[in-house]
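Step one of this worksheet: look at the structure below.
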Amino acid sequence: MQSRKSQGRQSHFRELLTEAMSGEYHMEKLPSPAYDFAEERQAVYYSNMRYNMESDMSVMVMNHHEQLDELKLLKEWKREAQE
Amino acid sequence: MNCEYSYEDMIEKIGEDRLHEKYTEVLASANHFIEEAGYQGNVECNERILFSLILDYYADLFRLKDFHGIEWIRTEKSFAYLIAWIVRRKPLQFLHYTEDEKDIYVNERFATFLMLNECLLCGEKRFVGSENQSRLDEYINLLFYYFKYRECNPQVVELAIESFKMGTLVS
């Protein structure tokens, strides 16, 4: 025999289930675009991107903050080995 | 809802033409980047790794589309997943030891460029004003750090791109 507390919990669950079944809760959807990123649209995007690789911003990405500590050490070791 | 794909099923679903189109565009961009960044002769885009990462990219997108019931995805999401797979798979590979004054983070640089291109350039060639160069430099540093040392999560990359675009609207 179920206790009054347990019966209450079950009836509350039923209410929640009925709410969900009646469509009161909506599953959230990701926003999606109205067009496909393919064919000509994609070709134009990538072509512009390659053109943008010649901008000063891309030069900053390509050349700045070179991390050459290991290269310097390797060069030093090589030089020492040759001497 | 079927979220289980084999590569064979997936290739059939994407279509060879579409797959080839994406592969060709990314390969051409990677090769152009290698040249522009001064890595030519020392670095090449490994075509097998690139093909494999494009399949993984599509696998992610198919799961997403199925799960959310959407037909198409936005460029922000497309590039977020592409960038994350580039950072994971590292298609740009050094051919041999080089003593040129270039560091080893060529894939992370390529990923950073793709991200900035999507965030800032929006298809147009733009130049950075001298007053903003140091701030942009700091931002590039931050992106680099993330791609080099943190776990590259496409959802985080997508959110960063979206936030950046939103920031340009409210400034």
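Just so we're on the same page: first chain in the structure tokens is A, next is B, and so on; residues restart at 1 for each chain, and ligands are numbered from 1 in the order they show up.
Using only C-alpha atoms, the residues found no farther than 9 Å from B:Ile161, other than those of its own chain fewer than 6 positions away, are Glu76, Lys77, Ala80, Met115, Leu116, Glu118 and Cys119 of chain B.
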| field | Test item: chain A residues at most 12 Å from chain B, counting only C-alpha atoms, as a count of residues only | value | 51
| Selected residue of minimal separation from B:Leu27 among B:Gln40, B:Ser163, B:Asn46, B:Gln93, counting only C-alpha atoms | B:Asn46
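Excluding B:Cys152 itself and same-chain residues fewer than 4 positions from it, the residues having an atom within 10 Å of it are Ala80, Tyr81, Ile83, Ala84, Trp85, Ile86, Val87, Arg88, Tyr146, Phe147, Lys148, Val156 and Val157 of chain B, counting only C-alpha atoms.
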Writer output for current selection, all heavy atoms, as a compact mmCIF listing (two decimals), in the first residue's frame:
```
# COMPACT_ATOMS: atom_id res chain seq x y z
N ALA B 80 33.35 26.84 -37.32
CA ALA B 80 33.72 26.41 -35.97
C ALA B 80 34.13 24.93 -35.99
O ALA B 80 35.15 24.55 -35.42
CB ALA B 80 32.56 26.63 -35.01
N TYR B 81 33.35 24.11 -36.69
CA TYR B 81 33.66 22.67 -36.75
C TYR B 81 34.90 22.41 -37.61
O TYR B 81 35.74 21.58 -37.26
CB TYR B 81 32.44 21.86 -37.23
CG TYR B 81 31.48 21.63 -36.09
CD1 TYR B 81 30.55 22.61 -35.73
CD2 TYR B 81 31.54 20.49 -35.31
CE1 TYR B 81 29.69 22.44 -34.65
CE2 TYR B 81 30.68 20.31 -34.23
CZ TYR B 81 29.77 21.28 -33.90
OH TYR B 81 28.94 21.11 -32.81
N ILE B 83 37.41 24.47 -38.11
CA ILE B 83 38.57 24.93 -37.34
C ILE B 83 38.94 23.90 -36.27
O ILE B 83 40.11 23.54 -36.11
CB ILE B 83 38.26 26.31 -36.69
CG1 ILE B 83 38.25 27.41 -37.76
CG2 ILE B 83 39.24 26.64 -35.57
CD1 ILE B 83 37.64 28.72 -37.31
N ALA B 84 37.94 23.41 -35.55
CA ALA B 84 38.22 22.45 -34.47
C ALA B 84 38.88 21.19 -35.03
O ALA B 84 39.82 20.65 -34.43
CB ALA B 84 36.93 22.09 -33.75
N TRP B 85 38.43 20.73 -36.20
CA TRP B 85 39.03 19.52 -36.78
C TRP B 85 40.43 19.79 -37.32
O TRP B 85 41.31 18.92 -37.27
CB TRP B 85 38.12 18.90 -37.85
CG TRP B 85 37.02 18.09 -37.23
CD1 TRP B 85 35.68 18.38 -37.22
CD2 TRP B 85 37.16 16.87 -36.49
NE1 TRP B 85 34.99 17.42 -36.51
CE2 TRP B 85 35.87 16.49 -36.06
CE3 TRP B 85 38.25 16.07 -36.14
CZ2 TRP B 85 35.65 15.33 -35.32
CZ3 TRP B 85 38.02 14.92 -35.39
CH2 TRP B 85 36.74 14.55 -34.99
N ILE B 86 40.65 21.01 -37.82
CA ILE B 86 42.00 21.37 -38.29
C ILE B 86 42.97 21.35 -37.11
O ILE B 86 44.07 20.81 -37.20
CB ILE B 86 41.99 22.74 -39.00
CG1 ILE B 86 41.37 22.59 -40.39
CG2 ILE B 86 43.40 23.34 -39.11
CD1 ILE B 86 41.10 23.88 -41.12
N VAL B 87 42.55 21.91 -35.99
CA VAL B 87 43.41 21.95 -34.81
C VAL B 87 43.67 20.52 -34.29
O VAL B 87 44.76 20.20 -33.85
CB VAL B 87 42.81 22.86 -33.72
CG1 VAL B 87 43.60 22.78 -32.43
CG2 VAL B 87 42.77 24.31 -34.21
N ARG B 88 42.66 19.65 -34.38
CA ARG B 88 42.84 18.27 -33.90
C ARG B 88 43.69 17.44 -34.85
O ARG B 88 44.58 16.72 -34.42
CB ARG B 88 41.47 17.59 -33.78
CG ARG B 88 40.81 17.82 -32.46
CD ARG B 88 39.50 17.05 -32.40
NE ARG B 88 38.53 17.83 -31.64
CZ ARG B 88 37.23 17.73 -31.77
NH1 ARG B 88 36.71 16.92 -32.66
NH2 ARG B 88 36.42 18.44 -31.02
N TYR B 146 44.66 29.72 -27.13
CA TYR B 146 43.55 28.76 -27.03
C TYR B 146 43.81 27.56 -27.95
O TYR B 146 43.68 26.41 -27.53
CB TYR B 146 42.22 29.44 -27.37
CG TYR B 146 41.04 28.50 -27.31
CD1 TYR B 146 40.51 28.13 -26.08
CD2 TYR B 146 40.49 27.95 -28.46
CE1 TYR B 146 39.44 27.24 -26.01
CE2 TYR B 146 39.44 27.06 -28.40
CZ TYR B 146 38.93 26.71 -27.17
OH TYR B 146 37.88 25.82 -27.10
N PHE B 147 44.17 27.84 -29.20
CA PHE B 147 44.38 26.73 -30.15
C PHE B 147 45.60 25.88 -29.80
O PHE B 147 45.63 24.69 -30.08
CB PHE B 147 44.51 27.27 -31.58
CG PHE B 147 43.23 27.84 -32.13
CD1 PHE B 147 43.23 28.98 -32.92
CD2 PHE B 147 42.01 27.24 -31.86
CE1 PHE B 147 42.06 29.50 -33.44
CE2 PHE B 147 40.83 27.75 -32.36
CZ PHE B 147 40.85 28.89 -33.16
N LYS B 148 46.59 26.52 -29.18
CA LYS B 148 47.81 25.75 -28.86
C LYS B 148 47.68 24.91 -27.60
O LYS B 148 48.15 23.79 -27.54
CB LYS B 148 49.00 26.72 -28.69
CG LYS B 148 49.54 27.23 -30.01
CD LYS B 148 50.92 27.83 -29.89
CE LYS B 148 50.89 29.19 -29.28
NZ LYS B 148 52.17 29.91 -29.36
N VAL B 156 32.58 26.12 -28.42
CA VAL B 156 33.20 27.32 -27.86
C VAL B 156 33.64 28.26 -28.99
O VAL B 156 33.43 29.47 -28.93
CB VAL B 156 34.42 26.95 -26.97
CG1 VAL B 156 35.18 28.18 -26.53
CG2 VAL B 156 33.97 26.14 -25.76
N VAL B 157 34.21 27.66 -30.04
CA VAL B 157 34.66 28.46 -31.19
C VAL B 157 33.46 29.16 -31.83
O VAL B 157 33.51 30.35 -32.15
CB VAL B 157 35.40 27.58 -32.23
CG1 VAL B 157 35.77 28.38 -33.47
CG2 VAL B 157 36.66 26.98 -31.62
```
| said: Give me, as a ChimeraX atom specification, the residues of stretch 27-133 of chain B that a backbone DSSP run labels helix (DSSP H, G or I). | reply: /B:27-36,47-68,75-89,106-121,130-133
| task | Identify all residues of stretch 21-154 of chain B in strand (DSSP E or B) (DSSP on the backbone) and supply them as a list in words. | result | Gln40, Val43, Glu44, Cys45, Leu92, Gln93 and Phe94 of chain B
| said: Just the number, please: distance in Å from atom CA of B:His20 to atom CA of B:Ile54, one decimal. | reply: 10.0 Å
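Using only C-alpha atoms, the contacts of B:Ser6 at a cut-off of 12 Å, with sequence neighbours closer than 6 positions omitted, comprise Glu12, Lys13, Leu55, Asp56, Tyr58, Ala59, Phe62 and Arg63 of chain B.
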Output of the above residues as a short mmCIF file (atom, residue, chain, number, x, y, z; two decimals), in the first residue's frame, restricted to C-alpha atoms:
```
data_model
loop_
_atom_site.label_atom_id
_atom_site.label_comp_id
_atom_site.auth_asym_id
_atom_site.auth_seq_id
_atom_site.Cartn_x
_atom_site.Cartn_y
_atom_site.Cartn_z
CA GLU B 12 26.53 8.61 -50.20
CA LYS B 13 24.38 11.12 -48.34
CA LEU B 55 34.69 13.44 -43.29
CA ASP B 56 34.78 13.98 -39.53
CA TYR B 58 30.54 16.20 -42.04
CA ALA B 59 29.92 13.45 -39.48
CA PHE B 62 25.07 15.30 -39.85
CA ARG B 63 24.64 14.38 -36.19
#
```
| Two-atom distance - atom CA of A:Glu19, atom CA of A:Ser3 (Å) | 24.6 Å
